[in-house]
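Asks: After the structure tokens below, expect a handful of questions from me.
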Amino acid sequence: MASFPPRVNEKEIVRSRTIGELLAPVAPFDKKCGRENWTVAFAPDGSYFAWSQGHRTVKLVPWSQCLKNFLLHGTKNITNSSSLRLSRQNSDGGQKNKPREHIIDCGDIVWSLAFGSSVPEKQSRCVNIEWHQFRFGQDQLLLATGLNNGRIKIWDVYTGKLLLNLVDHTEVVRDLTFAPDGSLILVSASRDKTLRVWDLKDDGNMMKVLRGHQNWVYSCAFSPDSSMLCSVGASKAVFLWNMDKYTMIRKLEGHHHDVVACDFSPDGALLATASYDTRVYIWDPHTGDILMEFGHLFPPPTPIFAGGANDRWVRSVSFSHDGLHVASLADDKMVRFWRIDEDYPVQVAPLSNGLCCAFSTDGSVLAAGTHDGSVYFWATPRQVPSLQHLCRMSIRRVMPTQEVQELPIPSKVLEFLSYRI
């Protein structure tokens with residue numbers, strides 16, 4: 001069994017440059033709390049990086065300062081218990097929004113976290129944004145943490161205040177995602193087989209329960225325009241939901257094992273899913289077609305072997321903000337960087353016991369979390385996007401595949417706009 005196609009020489013694949021690492025502090029053994037780093041996240045404005053470092057805690061660091069420390073002191077940055085803990089009091093207004101290093105004690109094992117902002121993300125396709133007036137300020141930046149006991153805690157990142165405690169889930173909250181349109185709509189995925197939709201601007205009111213999964217729900221992700229939600233779990237199907245009507249659009253079939261992670265491209269035209277079947281699929285979410293397969297084991301395993309206990313489970317997948325690259329993390333101690341038009345990785349990096357990964361806001365760095373609560377960072381593949389690709393992304397932000405296919409344009413251009421070539 002090999003990690004790359006026969007035609008690819010592993011020695012010729014570029015090794016990613018290490019940027020730095022944040023090592024978890026040594027802590028006493030605690031039977032109730034493991035050290036696993038189940039989730040990492042960058043704030044939408046790039047101001048903070050957060051990760052669950054085990055033992056009930058979440059660490060937040062100013063991202064720009066973190067990069068400076070890597071340059072000044074080398075790659076290692078050991079976090080310790082003497083770091084500043086979240087202050088429960090608000091200082092003067094001039095200091096409120098100044099990024100500071102924090103530690104949050106969430107009271108239970110942290111399985112998921114997500115940043116939410118009242119300012120729409122740059123990649124949003126929404127044109128007419130309703131600017132809500134918030135009780136806590138116009139430029140609200142929140143951190144949601146999903147816990148082992150089924151609770152979701154919402155924190156004000158700037159002040160350290162615990163704002164909300166959401167308690168409707170009955171099992172582990174495995175993933176969280178905010179709508180990118182600035183509405184502060186939060187969706188949670190749980191082992192209780194449901195997804196729940198929360199309106200944080202309305203005191204955390206639970207708006208809807210999305211049912212359809214027959215087993216644990218592992219991950220969920222919003223499309224860039226917030227109109228569609230993808231959810232995956234302990235089954236072979238990928239679920240797509242209409243978030244205007246809260247109805248299921250379709251189920252995507254093709255994986256041979258549990259699907260554990262999903263992410264949309266920045267223009268919403270593509271969807272990446274990662275599975276224990278050793279594969280990452282790139283889908284057209286509007287048609288349900290599989291456009292590309294990124295294999296992590298060669299020759300490709302049969303459905304029976306792929307559905308079993310192979311040693312190449314893919315744990316995480318993330319789309320870069322350039323829309324050209326995808327990162328995946330698997331059990332074969334390797335992080336892979338892919339181009340959406342190539343079926344082999346363009347860069348790789350070594351990583352043992354990896355669990356999750358995410359691109360920085362500008363796409364220049366990939367962060368990956370591990371079983372021991374640490375985080376590792378690599379420089380990502382960088383290239384200047386072609387004018388054709390930038391035009392394609394601009395068009396696809398506002399046009400689904402069905403509308404693109406009706407355009408009176410040459411077939412080759414149509415295939416390019418539909419990511420078929």
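Following the order of the structure tokens, first chain is A, next is B, and so on, with residues numbered from 1 inside each chain and ligands from 1 in the order they appear.
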Kindly provide the residues of segment 337-399 of chain A that approach segment 53-71 of chain A to within 12 Å, each paired with its closest atom pair and their distance in Å to one decimal, based on only C-alpha atoms, listed by chain and increasing number, as a tab-separated table.

Replies:
residue	atom	partner	partner_atom	distance
A:Ser360	CA	A:Trp63	CA	9.2
A:Thr361	CA	A:Trp63	CA	10.1
A:Asp362	CA	A:Trp63	CA	11.6
A:Ser364	CA	A:Leu67	CA	11.5
A:Val365	CA	A:Leu67	CA	10.1
A:Ala367	CA	A:Trp63	CA	11.5
A:Ala368	CA	A:Gln53	CA	11.9
A:Gly369	CA	A:Gln53	CA	8.6
A:Thr370	CA	A:Gln53	CA	9.0
A:His371	CA	A:Gly54	CA	8.8
A:Asp372	CA	A:Gly54	CA	7.8
A:Gly373	CA	A:Gln53	CA	4.2
A:Ser374	CA	A:Gln53	CA	6.5
A:Val375	CA	A:Gln53	CA	8.5
A:Tyr376	CA	A:Phe70	CA	11.5
A:Phe377	CA	A:Leu67	CA	10.0
A:Trp378	CA	A:Leu67	CA	11.5
A:Ala379	CA	A:Leu67	CA	11.6

Asks: Produce a file of the selected residues containing all heavy atoms, as a short mmCIF file (atom, residue, chain, number, x, y, z; two decimals), in the first residue's frame.

Replies:
data_model
loop_
_atom_site.label_atom_id
_atom_site.label_comp_id
_atom_site.auth_asym_id
_atom_site.auth_seq_id
_atom_site.Cartn_x
_atom_site.Cartn_y
_atom_site.Cartn_z
N SER A 360 -5.44 29.99 8.06
CA SER A 360 -5.55 31.33 8.60
C SER A 360 -6.44 32.17 7.71
O SER A 360 -6.76 31.80 6.58
CB SER A 360 -4.17 31.97 8.72
OG SER A 360 -3.55 32.07 7.45
N THR A 361 -6.86 33.33 8.22
CA THR A 361 -7.81 34.16 7.50
C THR A 361 -7.30 34.58 6.14
O THR A 361 -8.07 34.66 5.17
CB THR A 361 -8.14 35.42 8.34
OG1 THR A 361 -8.58 35.01 9.64
CG2 THR A 361 -9.23 36.23 7.68
N ASP A 362 -5.99 34.85 6.02
CA ASP A 362 -5.44 35.23 4.72
C ASP A 362 -4.96 34.03 3.91
O ASP A 362 -4.48 34.18 2.79
CB ASP A 362 -4.29 36.22 4.90
CG ASP A 362 -3.10 35.64 5.65
OD1 ASP A 362 -3.17 34.45 6.05
OD2 ASP A 362 -2.11 36.36 5.84
N SER A 364 -2.42 32.06 4.37
CA SER A 364 -0.97 31.87 4.25
C SER A 364 -0.42 30.81 5.19
O SER A 364 0.71 30.34 5.02
CB SER A 364 -0.24 33.19 4.52
OG SER A 364 -0.47 33.63 5.85
N VAL A 365 -1.21 30.42 6.20
CA VAL A 365 -0.74 29.47 7.22
C VAL A 365 -1.82 28.42 7.46
O VAL A 365 -3.02 28.73 7.46
CB VAL A 365 -0.41 30.20 8.55
CG1 VAL A 365 -0.05 29.20 9.64
CG2 VAL A 365 0.73 31.18 8.35
N ALA A 367 -2.99 25.68 10.39
CA ALA A 367 -2.83 25.24 11.77
C ALA A 367 -3.44 23.85 11.91
O ALA A 367 -4.50 23.57 11.37
CB ALA A 367 -3.50 26.21 12.73
N ALA A 368 -2.77 22.98 12.67
CA ALA A 368 -3.27 21.62 12.89
C ALA A 368 -3.13 21.26 14.36
O ALA A 368 -2.08 21.52 14.97
CB ALA A 368 -2.52 20.61 12.03
N GLY A 369 -4.20 20.69 14.94
CA GLY A 369 -4.20 20.28 16.33
C GLY A 369 -4.00 18.79 16.47
O GLY A 369 -4.34 18.01 15.57
N THR A 370 -3.45 18.36 17.63
CA THR A 370 -3.08 16.97 17.83
C THR A 370 -3.68 16.41 19.12
O THR A 370 -4.29 17.13 19.91
CB THR A 370 -1.55 16.82 17.90
OG1 THR A 370 -1.07 17.53 19.05
CG2 THR A 370 -0.90 17.38 16.65
N HIS A 371 -3.47 15.11 19.32
CA HIS A 371 -3.99 14.40 20.48
C HIS A 371 -3.43 14.93 21.80
O HIS A 371 -4.08 14.80 22.84
CB HIS A 371 -3.66 12.90 20.39
CG HIS A 371 -4.66 12.11 19.62
ND1 HIS A 371 -5.85 11.67 20.16
CD2 HIS A 371 -4.67 11.68 18.33
CE1 HIS A 371 -6.54 11.00 19.26
NE2 HIS A 371 -5.85 10.99 18.13
N ASP A 372 -2.23 15.52 21.78
CA ASP A 372 -1.63 15.96 23.04
C ASP A 372 -1.93 17.41 23.37
O ASP A 372 -1.35 17.98 24.30
CB ASP A 372 -0.11 15.73 23.01
CG ASP A 372 0.61 16.61 21.99
OD1 ASP A 372 -0.07 17.38 21.29
OD2 ASP A 372 1.84 16.52 21.91
N GLY A 373 -2.84 18.04 22.62
CA GLY A 373 -3.24 19.41 22.92
C GLY A 373 -2.39 20.49 22.29
O GLY A 373 -2.60 21.68 22.55
N SER A 374 -1.42 20.11 21.46
CA SER A 374 -0.54 21.09 20.82
C SER A 374 -1.06 21.49 19.45
O SER A 374 -1.96 20.87 18.89
CB SER A 374 0.88 20.52 20.70
OG SER A 374 1.41 20.21 21.97
N VAL A 375 -0.46 22.56 18.91
CA VAL A 375 -0.81 23.05 17.57
C VAL A 375 0.47 23.27 16.78
O VAL A 375 1.47 23.77 17.32
CB VAL A 375 -1.59 24.39 17.63
CG1 VAL A 375 -2.15 24.74 16.26
CG2 VAL A 375 -2.71 24.33 18.65
N TYR A 376 0.44 22.91 15.50
CA TYR A 376 1.58 23.08 14.61
C TYR A 376 1.15 23.90 13.40
O TYR A 376 0.01 23.80 12.94
CB TYR A 376 2.12 21.72 14.18
CG TYR A 376 2.60 20.89 15.35
CD1 TYR A 376 1.71 20.10 16.09
CD2 TYR A 376 3.93 20.91 15.75
CE1 TYR A 376 2.14 19.36 17.18
CE2 TYR A 376 4.37 20.17 16.84
CZ TYR A 376 3.46 19.39 17.55
OH TYR A 376 3.89 18.67 18.64
N PHE A 377 2.09 24.72 12.90
CA PHE A 377 1.77 25.66 11.83
C PHE A 377 2.75 25.48 10.66
O PHE A 377 3.95 25.31 10.87
CB PHE A 377 1.87 27.10 12.33
CG PHE A 377 0.95 27.41 13.49
CD1 PHE A 377 1.38 27.20 14.80
CD2 PHE A 377 -0.31 27.92 13.27
CE1 PHE A 377 0.55 27.48 15.87
CE2 PHE A 377 -1.15 28.22 14.34
CZ PHE A 377 -0.73 28.00 15.64
N TRP A 378 2.20 25.55 9.44
CA TRP A 378 3.02 25.45 8.23
C TRP A 378 2.64 26.55 7.24
O TRP A 378 1.48 27.00 7.20
CB TRP A 378 2.81 24.10 7.53
CG TRP A 378 3.26 22.93 8.32
CD1 TRP A 378 4.51 22.40 8.40
CD2 TRP A 378 2.44 22.11 9.17
NE1 TRP A 378 4.53 21.32 9.24
CE2 TRP A 378 3.28 21.12 9.73
CE3 TRP A 378 1.08 22.13 9.52
CZ2 TRP A 378 2.80 20.16 10.61
CZ3 TRP A 378 0.61 21.18 10.40
CH2 TRP A 378 1.46 20.20 10.93
N ALA A 379 3.64 26.94 6.45
CA ALA A 379 3.38 27.84 5.33
C ALA A 379 2.64 27.06 4.26
O ALA A 379 2.97 25.92 3.96
CB ALA A 379 4.68 28.40 4.78
#

Asks: Using only C-alpha atoms, which residues of segment 326-380 of chain A come within 12 Å of segment 291-303 of chain A, and what is the closest atom pair for each, with the distance in Å to one decimal? Give it as a Markdown table, sorted by chain and residue number.

Replies:
| residue | atom | partner | partner_atom | distance |
| --- | --- | --- | --- | --- |
| A:Val326 | CA | A:Phe294 | CA | 9.8 |
| A:Ala327 | CA | A:Phe294 | CA | 10.4 |
| A:Ser328 | CA | A:Phe294 | CA | 9.2 |
| A:Leu329 | CA | A:His296 | CA | 9.6 |
| A:Ala330 | CA | A:His296 | CA | 7.8 |
| A:Asp331 | CA | A:His296 | CA | 9.6 |
| A:Asp332 | CA | A:His296 | CA | 8.6 |
| A:Lys333 | CA | A:His296 | CA | 11.2 |
| A:Met334 | CA | A:His296 | CA | 9.7 |
| A:Val335 | CA | A:His296 | CA | 10.4 |
| A:Arg336 | CA | A:His296 | CA | 9.1 |
| A:Phe337 | CA | A:Phe294 | CA | 10.3 |
| A:Trp338 | CA | A:Phe294 | CA | 8.0 |
| A:Arg339 | CA | A:Phe294 | CA | 9.8 |
| A:Ile340 | CA | A:Met292 | CA | 7.5 |
| A:Asp341 | CA | A:Met292 | CA | 7.9 |
| A:Glu342 | CA | A:Met292 | CA | 8.5 |
| A:Asp343 | CA | A:Phe294 | CA | 5.6 |
| A:Tyr344 | CA | A:Phe294 | CA | 6.8 |
| A:Pro345 | CA | A:Phe294 | CA | 8.3 |
| A:Val346 | CA | A:Phe294 | CA | 11.7 |
| A:Val348 | CA | A:His296 | CA | 11.9 |

Asks: Rounded to one decimal, what separation in Å do you get between atom CA of Tyr218 of chain A and atom CA of Gly323 of chain A?

Replies: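 Between atom CA of Tyr218 of chain A and atom CA of Gly323 of chain A the gap is 23.8 Å.
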
Asks: Set the distance at 10 Å and use only C-alpha atoms: which residues neighbour segment 162-172 of chain A once local chain neighbours fewer than 3 positions away are removed? I'd like the list as a short mmCIF file (atom, residue, chain, number, x, y, z; two decimals) with N, CA and C atoms, in the first residue's frame.

Replies:
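Contents of out.cif, freshly written:
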data_model
loop_
_atom_site.label_atom_id
_atom_site.label_comp_id
_atom_site.auth_asym_id
_atom_site.auth_seq_id
_atom_site.Cartn_x
_atom_site.Cartn_y
_atom_site.Cartn_z
N LEU A 86 -8.91 34.93 31.39
CA LEU A 86 -9.92 35.87 30.94
C LEU A 86 -10.41 36.75 32.08
N ARG A 88 -13.05 39.09 33.88
CA ARG A 88 -14.50 39.22 33.88
C ARG A 88 -14.94 40.68 33.96
N ILE A 104 -9.56 30.34 28.69
CA ILE A 104 -10.93 30.14 29.17
C ILE A 104 -11.02 28.75 29.79
N CYS A 106 -13.62 26.21 30.55
CA CYS A 106 -15.00 25.97 30.13
C CYS A 106 -15.75 25.01 31.05
N ILE A 109 -14.81 19.06 29.07
CA ILE A 109 -14.02 18.81 27.87
C ILE A 109 -14.60 19.61 26.70
N VAL A 110 -13.72 20.31 25.97
CA VAL A 110 -14.13 21.14 24.84
C VAL A 110 -13.94 20.34 23.55
N TRP A 111 -15.04 20.12 22.85
CA TRP A 111 -15.00 19.36 21.60
C TRP A 111 -15.03 20.27 20.37
N SER A 112 -15.53 21.46 20.52
CA SER A 112 -15.69 22.32 19.34
C SER A 112 -15.65 23.77 19.76
N PHE A 136 -24.33 44.30 23.05
CA PHE A 136 -22.95 44.35 23.52
C PHE A 136 -22.05 45.20 22.63
N LEU A 142 -17.47 37.05 19.06
CA LEU A 142 -17.85 36.04 20.03
C LEU A 142 -17.05 34.76 19.81
N LEU A 143 -16.93 33.99 20.88
CA LEU A 143 -16.35 32.66 20.79
C LEU A 143 -17.37 31.68 21.38
N ALA A 144 -17.77 30.70 20.57
CA ALA A 144 -18.68 29.65 21.03
C ALA A 144 -17.87 28.39 21.31
N THR A 145 -18.14 27.75 22.44
CA THR A 145 -17.45 26.51 22.80
C THR A 145 -18.48 25.41 23.05
N GLY A 146 -18.29 24.27 22.39
CA GLY A 146 -19.18 23.13 22.55
C GLY A 146 -18.55 22.10 23.48
N LEU A 147 -19.32 21.64 24.46
CA LEU A 147 -18.75 20.86 25.55
C LEU A 147 -19.22 19.41 25.56
N ASN A 148 -18.53 18.63 26.36
CA ASN A 148 -18.81 17.21 26.49
C ASN A 148 -20.18 16.94 27.10
N ASN A 149 -20.67 17.86 27.93
CA ASN A 149 -21.96 17.66 28.59
C ASN A 149 -23.15 18.16 27.77
N GLY A 150 -22.91 18.55 26.51
CA GLY A 150 -23.98 19.00 25.64
C GLY A 150 -24.25 20.48 25.69
N ARG A 151 -23.55 21.22 26.54
CA ARG A 151 -23.77 22.65 26.64
C ARG A 151 -22.91 23.42 25.64
N ILE A 152 -23.40 24.61 25.31
CA ILE A 152 -22.65 25.54 24.47
C ILE A 152 -22.50 26.83 25.24
N LYS A 153 -21.27 27.28 25.42
CA LYS A 153 -21.03 28.53 26.13
C LYS A 153 -20.54 29.58 25.14
N ILE A 154 -21.13 30.78 25.26
CA ILE A 154 -20.81 31.89 24.36
C ILE A 154 -20.06 32.95 25.15
N TRP A 155 -18.88 33.32 24.65
CA TRP A 155 -18.00 34.27 25.35
C TRP A 155 -17.79 35.52 24.50
N ASP A 156 -17.69 36.65 25.18
CA ASP A 156 -17.23 37.87 24.52
C ASP A 156 -15.71 37.83 24.49
N VAL A 157 -15.14 37.80 23.30
CA VAL A 157 -13.69 37.64 23.17
C VAL A 157 -12.93 38.80 23.77
N THR A 159 -13.90 41.09 26.23
CA THR A 159 -14.04 41.35 27.66
C THR A 159 -13.88 40.10 28.52
N ASP A 175 -19.46 19.95 16.86
CA ASP A 175 -18.99 21.00 15.97
C ASP A 175 -19.91 22.21 16.07
N SER A 188 -25.14 24.14 15.69
CA SER A 188 -24.37 23.16 16.46
C SER A 188 -24.69 21.75 15.98
N ALA A 189 -23.66 20.90 15.95
CA ALA A 189 -23.81 19.50 15.56
C ALA A 189 -23.46 18.63 16.76
N SER A 190 -24.29 17.61 17.04
CA SER A 190 -24.14 16.87 18.28
C SER A 190 -24.25 15.37 18.07
N ARG A 191 -23.75 14.65 19.05
CA ARG A 191 -23.91 13.20 19.08
C ARG A 191 -25.35 12.79 19.37
N ASP A 192 -26.21 13.75 19.71
CA ASP A 192 -27.62 13.40 19.92
C ASP A 192 -28.38 13.30 18.59
N LYS A 193 -27.63 13.29 17.48
CA LYS A 193 -28.16 13.07 16.13
C LYS A 193 -28.89 14.27 15.55
N THR A 194 -28.73 15.44 16.16
CA THR A 194 -29.43 16.63 15.67
C THR A 194 -28.45 17.77 15.40
N LEU A 195 -28.94 18.71 14.59
CA LEU A 195 -28.32 20.03 14.43
C LEU A 195 -29.31 21.04 14.99
N ARG A 196 -28.80 22.02 15.70
CA ARG A 196 -29.68 23.03 16.27
C ARG A 196 -29.23 24.41 15.82
N TRP A 198 -29.32 28.46 16.45
CA TRP A 198 -29.47 29.41 17.55
C TRP A 198 -29.34 30.83 17.02
N LEU A 200 -28.19 34.21 18.33
CA LEU A 200 -27.50 34.80 19.47
C LEU A 200 -27.88 36.26 19.69
N ASP A 203 -30.88 36.61 22.44
CA ASP A 203 -30.59 35.93 23.71
C ASP A 203 -30.38 34.43 23.56
N GLY A 204 -29.87 34.01 22.41
CA GLY A 204 -29.58 32.59 22.21
C GLY A 204 -30.80 31.74 21.98
N ASN A 205 -31.87 32.32 21.49
CA ASN A 205 -33.09 31.56 21.22
C ASN A 205 -32.82 30.45 20.21
N MET A 206 -33.26 29.22 20.52
CA MET A 206 -33.11 28.12 19.59
C MET A 206 -34.23 28.20 18.55
N TRP A 216 -24.52 9.84 15.15
CA TRP A 216 -23.79 11.03 15.56
C TRP A 216 -23.56 11.98 14.39
N VAL A 217 -23.64 13.29 14.67
CA VAL A 217 -23.29 14.31 13.69
C VAL A 217 -21.91 14.84 14.07
N TYR A 218 -20.97 14.75 13.14
CA TYR A 218 -19.58 15.10 13.42
C TYR A 218 -19.24 16.56 13.09
#
